[in-house]
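J.: Sharing a structure below in structure tokens format, with a few things to ask.
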Amino acid sequence: MTCPAWDVDPLSAEFLADPYAALNPLREAGPVFHSPVLDMWVVTRHADIEAIFRDPATFSAAIAQDPLHPLADETRAVLATGFRAGATMSNADPPKHTRIRRHNLRSFSARRIAAVEPLVRAKAAELLDDLLTEREFDLVEGLTFPLPAWMIFSFLGFPSEDTELLKSWCGNRTLFSWGRPSVDEQVEIAQNMVRYWQYCERFVDGRIADPVDDFTSDLVRVHLADAAELARDEIVGIVYGLSFAGHETTTNLTTNAVRRLLEHPEAWKALCAEPGLIENAVEEVLRFDTSVIAWRRITTRPVEIGGVAVPEGARLLLSLASAGHDPAAFPDPETFDIRREGVRDHLAFGKGIHFCLGAPLARIEVRTVLELLTARAPDLELVPGQQLTFPPNVSFRGPQSLRLRRG
Ligand code: HEM
């Protein structure tokens, strides 16, 4: 089978406003398309994407974090002044990935994750105390942006007084690697990446000098016992990467969850009456309107995907949004059903050796926010007529603002 072209620009405002309108007919038409705009192969079907995730020898993760388009010389010059991130996890292949992930898995211990839950609940409640005094408010600004930032920074061990500074350096990081930034935008983002990287270096050096009881110190102890197992720069890369991985992904997921539930008032009412349904509702949001809509791989040899020949070195865009709406995996996929059976088969967190390490934390955050909102503001509704906008990148999707009001 030859590979047809897909002419939609996945960075266009029209596509981002409703990717499913374009992806559903695409998936029906075939398993793989070549996107001339991106010079990438777009993979549409759930079974093919799952098989790709499970075959890291054929489908390398090396390009997962690369800028989508080549960087300008000016940008590279800025990065050369002090940004030294190499492949650590999401963009590393075995055996390096296996070694680094093993230590991270241990540090994401059940004890540490369980300890996060009451802290997230207390912080979310504090943010809501402010927000719910207003009759109308922006959920992103008041809750779903600050909460995950605060949570991942405290999990890593960053001092809370640095939160605002760190947040100010985070702006537009998704645009840098997953969008089409202008040269001026690239340079500004790169300057903040250098500042952030240098902060992570100082932070890790502090923990090496004086380890405490936090996630980063767990990694530091491995390094102090055997630096060949985990190098200092690898720990800096992990801390840098996690502070990003645990941030906008979860902001967007929580915002998508509240949006979709309020768009389906019968589902919202059911959660208010029966909070035990929240856990499955979160999984349905991950299937129906995930916050990481696409992820990347590169082929290490010529291969067939769904019967379509793809060459060696092909850059693949795995459409996780499309996979969640594949009727071969989820019957009646356009129906948002918080009681759906088998919904955990979604690919929103990946599968196989790179399966999202933060999935338990992300689930805790979304569940906690929904528990608090349904208990404290069951009369919540979307402000009608608002125009949602989405950041222009191929992977991270959620409304930039979501206006809510008390009914
Ligand atoms: C606290 C929040 C989160 C943290 C700390 C986190 C962390 C990570 C890390 C470290 C990886 C790389 C694992 C590896 O390569 O071995 C990863 C992969 C991934 N995460 Fe997350 N993540 C978070 C939230 C999310 C959310 C909310 C989503 C989407 C709904 C998501 C989707 C993914 C995907 C699609 C991958 C790639 C899997 C692959 O390459 O096969 N993550 N995450």
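Naming works like this for the structure tokens: A, B, ... for the chains as they're shown, residue 1 at the start of each chain, ligands 1 onward in shown order.
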Can you list, as a count of residues only, every protein, DNA or RNA residue that comes within 10 Å of Ala359 in chain A when you count only C-alpha atoms, leaving out same-chain residues fewer than 2 positions away?
T.: 13
J.: Need the shell around range 129-134 of chain A: protein/DNA/RNA residues with any atom at most 12 Å away, counting only C-alpha atoms. Skip same-chain ones fewer than 5 positions apart. Format as a list of chain:residue names?
T.: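 Once the nearby chain positions are removed, what remains is A:Ala122, A:Lys123, A:Ala124, A:Leu139, A:Val140, A:Glu141, A:Gly142, A:Leu143, A:Thr144, A:Leu372, A:Leu373, A:Arg376, A:Ala377, A:Pro378, A:Asp379, A:Leu380, A:Arg403, A:Leu404, A:Arg405, A:Arg406, A:Gly407.
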J.: Can those selected residues be exported to a file as a compact mmCIF listing (two decimals), in the first residue's frame so that it contains C-alpha atoms?
T.:
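So again-v6.txt came out as:
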# COMPACT_ATOMS: atom_id res chain seq x y z
CA ALA A 122 -4.63 20.99 50.79
CA LYS A 123 -3.12 23.16 48.06
CA ALA A 124 -6.11 22.71 45.73
CA LEU A 139 -10.12 27.94 36.05
CA VAL A 140 -6.73 27.81 34.31
CA GLU A 141 -5.33 30.94 35.90
CA GLY A 142 -6.78 30.24 39.34
CA LEU A 143 -6.32 26.48 39.69
CA THR A 144 -5.22 24.21 36.87
CA LEU A 372 -13.25 19.13 45.53
CA LEU A 373 -15.13 20.90 42.75
CA ARG A 376 -17.89 22.45 46.87
CA ALA A 377 -19.39 23.82 43.65
CA PRO A 378 -21.94 21.39 42.22
CA ASP A 379 -23.69 24.39 40.62
CA LEU A 380 -20.66 25.16 38.44
CA ARG A 403 -14.28 30.67 32.21
CA LEU A 404 -16.67 29.17 34.76
CA ARG A 405 -19.46 30.62 36.86
CA ARG A 406 -21.65 29.54 39.75
CA GLY A 407 -25.20 28.69 38.60
J.: Name the residues in contact with Ile52 in chain A at a cut-off of 9 Å, using only C-alpha atoms, excluding same-chain residues fewer than 5 positions from it; report them as an MDAnalysis selection string.
T.: chainID A and resid 47 58:59 297 305 318
J.: With N, CA and C atoms retained, could you export that selection as a PDB file, in the first residue's frame?
T.:
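The resulting file, again_11.pdb, is shown below:
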ATOM      1  N   ALA A  47      -4.345   0.193  17.340  1.00  0.00           N
ATOM      2  CA  ALA A  47      -3.551  -1.045  17.380  1.00  0.00           C
ATOM      3  C   ALA A  47      -2.140  -0.793  16.835  1.00  0.00           C
ATOM      4  N   THR A  58      12.614  -1.021  16.752  1.00  0.00           N
ATOM      5  CA  THR A  58      12.273  -0.542  15.400  1.00  0.00           C
ATOM      6  C   THR A  58      11.869   0.931  15.421  1.00  0.00           C
ATOM      7  N   PHE A  59      11.287   1.361  16.552  1.00  0.00           N
ATOM      8  CA  PHE A  59      10.752   2.726  16.627  1.00  0.00           C
ATOM      9  C   PHE A  59      11.473   3.457  17.765  1.00  0.00           C
ATOM     10  N   ARG A 297       8.165   9.209  17.222  1.00  0.00           N
ATOM     11  CA  ARG A 297       9.152   8.145  17.109  1.00  0.00           C
ATOM     12  C   ARG A 297       9.859   8.288  15.762  1.00  0.00           C
ATOM     13  N   ILE A 305       3.604  -0.352   8.432  1.00  0.00           N
ATOM     14  CA  ILE A 305       2.675   0.005   9.513  1.00  0.00           C
ATOM     15  C   ILE A 305       1.271  -0.105   8.932  1.00  0.00           C
ATOM     16  N   LEU A 318       2.586   9.979  16.159  1.00  0.00           N
ATOM     17  CA  LEU A 318       1.582   9.004  16.599  1.00  0.00           C
ATOM     18  C   LEU A 318       0.396   9.780  17.153  1.00  0.00           C
TER      19      LEU A 318
END
J.: Of the residues A:Ala270, A:Ala62, A:Ala281, A:Leu224, which is the one nearest to ligand 1, using only C-alpha atoms and all ligand atoms?
T.: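 When distances to ligand 1 are compared using only C-alpha atoms and all ligand atoms, the smallest one comes from A:Ala62.
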J.: For Pro10 in chain A, list every protein, DNA or RNA residue within 10 Å, evaluated using only C-alpha atoms, and leave out those in the same chain fewer than 4 positions away; present the list as a list in words.
T.: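 My reading of the contact set: Trp6, Glu14, Phe15, Leu16, Pro19, Ala22, Ser35, Val37, Leu38, Gly179, Pro392, Asn393, Val394 and Ser395 of chain A.
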J.: For the residues in the current selection, export N, CA and C atoms as a PDB file, in the first residue's frame.
T.:
ATOM      1  N   TRP A   6      -1.469  13.954   3.744  1.00  0.00           N
ATOM      2  CA  TRP A   6      -2.468  14.604   4.608  1.00  0.00           C
ATOM      3  C   TRP A   6      -2.172  16.091   4.577  1.00  0.00           C
ATOM      4  N   GLU A  14      -7.710  26.143  13.377  1.00  0.00           N
ATOM      5  CA  GLU A  14      -8.909  25.353  13.052  1.00  0.00           C
ATOM      6  C   GLU A  14      -8.729  23.892  13.500  1.00  0.00           C
ATOM      7  N   PHE A  15      -7.563  23.306  13.193  1.00  0.00           N
ATOM      8  CA  PHE A  15      -7.319  21.916  13.612  1.00  0.00           C
ATOM      9  C   PHE A  15      -7.312  21.830  15.138  1.00  0.00           C
ATOM     10  N   LEU A  16      -6.620  22.767  15.789  1.00  0.00           N
ATOM     11  CA  LEU A  16      -6.479  22.684  17.245  1.00  0.00           C
ATOM     12  C   LEU A  16      -7.809  22.882  17.965  1.00  0.00           C
ATOM     13  N   PRO A  19      -9.510  18.838  16.798  1.00  0.00           N
ATOM     14  CA  PRO A  19      -8.697  17.887  16.011  1.00  0.00           C
ATOM     15  C   PRO A  19      -9.498  16.662  15.573  1.00  0.00           C
ATOM     16  N   ALA A  22     -11.038  16.470  12.075  1.00  0.00           N
ATOM     17  CA  ALA A  22     -10.133  16.116  10.975  1.00  0.00           C
ATOM     18  C   ALA A  22      -9.601  14.687  11.132  1.00  0.00           C
ATOM     19  N   SER A  35       2.576  13.802   6.073  1.00  0.00           N
ATOM     20  CA  SER A  35       2.240  15.217   6.220  1.00  0.00           C
ATOM     21  C   SER A  35       3.362  16.045   5.593  1.00  0.00           C
ATOM     22  N   VAL A  37       3.521  19.234   5.411  1.00  0.00           N
ATOM     23  CA  VAL A  37       3.774  20.418   6.250  1.00  0.00           C
ATOM     24  C   VAL A  37       4.838  20.108   7.306  1.00  0.00           C
ATOM     25  N   LEU A  38       4.783  18.909   7.874  1.00  0.00           N
ATOM     26  CA  LEU A  38       5.716  18.537   8.949  1.00  0.00           C
ATOM     27  C   LEU A  38       6.862  17.678   8.437  1.00  0.00           C
ATOM     28  N   GLY A 179       6.196  23.355  18.297  1.00  0.00           N
ATOM     29  CA  GLY A 179       5.477  24.339  17.483  1.00  0.00           C
ATOM     30  C   GLY A 179       6.365  24.924  16.401  1.00  0.00           C
ATOM     31  N   PRO A 392      -0.355  26.791  19.984  1.00  0.00           N
ATOM     32  CA  PRO A 392      -0.022  26.236  18.671  1.00  0.00           C
ATOM     33  C   PRO A 392       1.171  25.273  18.694  1.00  0.00           C
ATOM     34  N   ASN A 393       0.887  24.023  19.035  1.00  0.00           N
ATOM     35  CA  ASN A 393       1.929  22.993  18.967  1.00  0.00           C
ATOM     36  C   ASN A 393       1.261  21.661  18.638  1.00  0.00           C
ATOM     37  N   VAL A 394       2.068  20.661  18.235  1.00  0.00           N
ATOM     38  CA  VAL A 394       1.463  19.413  17.765  1.00  0.00           C
ATOM     39  C   VAL A 394       1.105  18.432  18.881  1.00  0.00           C
ATOM     40  N   SER A 395       1.570  18.668  20.105  1.00  0.00           N
ATOM     41  CA  SER A 395       1.410  17.631  21.135  1.00  0.00           C
ATOM     42  C   SER A 395       0.566  18.003  22.355  1.00  0.00           C
TER      43      SER A 395
END
J.: For a test of reading the model, state the distance in Å between CA of Ala80 in chain A and CA of Met193 in chain A, rounded to one decimal.
T.: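 Interatomic distance here is 11.1 Å.
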J.: Which of these residues is nearest to ligand 1, using only C-alpha atoms and all ligand atoms: A:Thr251, A:Thr163, A:Gln191, A:Thr81?
T.: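 The closest residue to ligand 1 is A:Thr251.
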J.: Contacts of range 148-152 of chain A at 12 Å or less, counting only C-alpha atoms, minus same-chain residues fewer than 6 places along, as a ChimeraX atom specification?
T.: /A:108,113,115-124,127,140-142,158-170,214-216,239-255,358,361-366,368-369
J.: I'd like the interatomic distance between CA of Gly398 in chain A and CA of Gly324 in chain A, to a tenth of an Å.
T.: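 Answer for the CA of Gly398 in chain A to CA of Gly324 in chain A separation: 15.8 Å.
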J.: Could you write out, as a PyMOL selection string, all the residues of range 101-270 of chain A that DSSP marks as strand (DSSP E or B)?
T.: chain A and resi 136-138+179
J.: Please return as a VMD selection string: the residues of range 78-109 of chain A that backbone DSSP assigns to alpha helix (DSSP H).
T.: chain A and resid 78 to 80 96 to 107
J.: Could you please determine the separation between CA of Ala57 in chain A and CA of Asp9 in chain A in Å, to one decimal place?
T.: 29.7 Å
J.: Considering only C-alpha atoms and all ligand atoms, can you say which of A:Ala314, A:Ala61, A:Val212, A:Val282 comes closest to ligand 1?
T.: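 Ranking A:Ala314, A:Ala61, A:Val212, A:Val282 by distance to ligand 1, first place goes to A:Ala61.
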J.: For Ile238 in chain A, list every protein, DNA or RNA residue within 8 Å, evaluated using only C-alpha atoms, and leave out those in the same chain fewer than 4 positions away; present the list as a VMD selection string.
T.: chain A and resid 88 to 89 234 242
J.: Would you write out those residues with C-alpha atoms, as a JSON list (two decimals), in the first residue's frame?
T.:
[["chain", "number", "residue", "atom", "x", "y", "z"],
["A", 88, "THR", "CA", 17.66, 11.01, 29.66],
["A", 89, "MET", "CA", 14.33, 9.19, 29.50],
["A", 234, "GLU", "CA", 21.81, 13.07, 34.07],
["A", 242, "LEU", "CA", 10.23, 16.21, 35.00]]
J.: Kindly indicate which residue among A:Ala321, A:Ile208, A:Leu219, A:Ala231 lies nearest to Asp18 in chain A, using only C-alpha atoms for the distances.
T.: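 Nearest to Asp18 in chain A: A:Ala321.
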J.: Could you give me, as JSON, numbers by chain, the residues within 12 Å of Val187 in chain A, counting only C-alpha atoms and dropping anything in the same chain fewer than 4 positions from it?
T.: {"A": [71, 72, 73, 74, 75, 76, 77, 78, 79, 80, 172, 173, 175, 176, 181, 182, 183, 191, 192, 193, 194]}
J.: Just the selected residues (C-alpha atoms), exported as a PDB file, in the first residue's frame, please.
T.:
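The file below, part-v3.pdb, is the result:
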ATOM      1  CA  LEU A  71      16.580  26.082  15.182  1.00  0.00           C
ATOM      2  CA  ALA A  72      18.053  29.395  14.020  1.00  0.00           C
ATOM      3  CA  ASP A  73      21.798  30.008  14.498  1.00  0.00           C
ATOM      4  CA  GLU A  74      20.982  32.762  17.033  1.00  0.00           C
ATOM      5  CA  THR A  75      18.999  30.269  19.109  1.00  0.00           C
ATOM      6  CA  ARG A  76      21.747  27.664  19.030  1.00  0.00           C
ATOM      7  CA  ALA A  77      24.219  30.343  20.157  1.00  0.00           C
ATOM      8  CA  VAL A  78      22.038  31.129  23.194  1.00  0.00           C
ATOM      9  CA  LEU A  79      21.688  27.441  24.109  1.00  0.00           C
ATOM     10  CA  ALA A  80      25.466  27.002  23.806  1.00  0.00           C
ATOM     11  CA  ASN A 172       6.130  28.787  25.676  1.00  0.00           C
ATOM     12  CA  ARG A 173       8.368  25.752  26.179  1.00  0.00           C
ATOM     13  CA  LEU A 175       6.140  26.176  21.309  1.00  0.00           C
ATOM     14  CA  PHE A 176       9.918  25.639  21.231  1.00  0.00           C
ATOM     15  CA  PRO A 181       8.307  29.675  16.840  1.00  0.00           C
ATOM     16  CA  SER A 182       9.699  32.800  15.144  1.00  0.00           C
ATOM     17  CA  VAL A 183      13.417  33.459  15.614  1.00  0.00           C
ATOM     18  CA  GLN A 191      17.296  32.321  27.247  1.00  0.00           C
ATOM     19  CA  ASN A 192      14.743  31.060  29.775  1.00  0.00           C
ATOM     20  CA  MET A 193      15.783  27.442  29.117  1.00  0.00           C
ATOM     21  CA  VAL A 194      19.371  28.353  29.977  1.00  0.00           C
TER      22      VAL A 194
END
J.: Of the candidates A:Leu11, A:Ile189, A:Ala328, A:Leu105, which shows the shortest atom-to-atom distance to ligand 1, using only C-alpha atoms and all ligand atoms?
T.: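 Using only C-alpha atoms and all ligand atoms, the shortest distance to ligand 1 belongs to A:Leu105.
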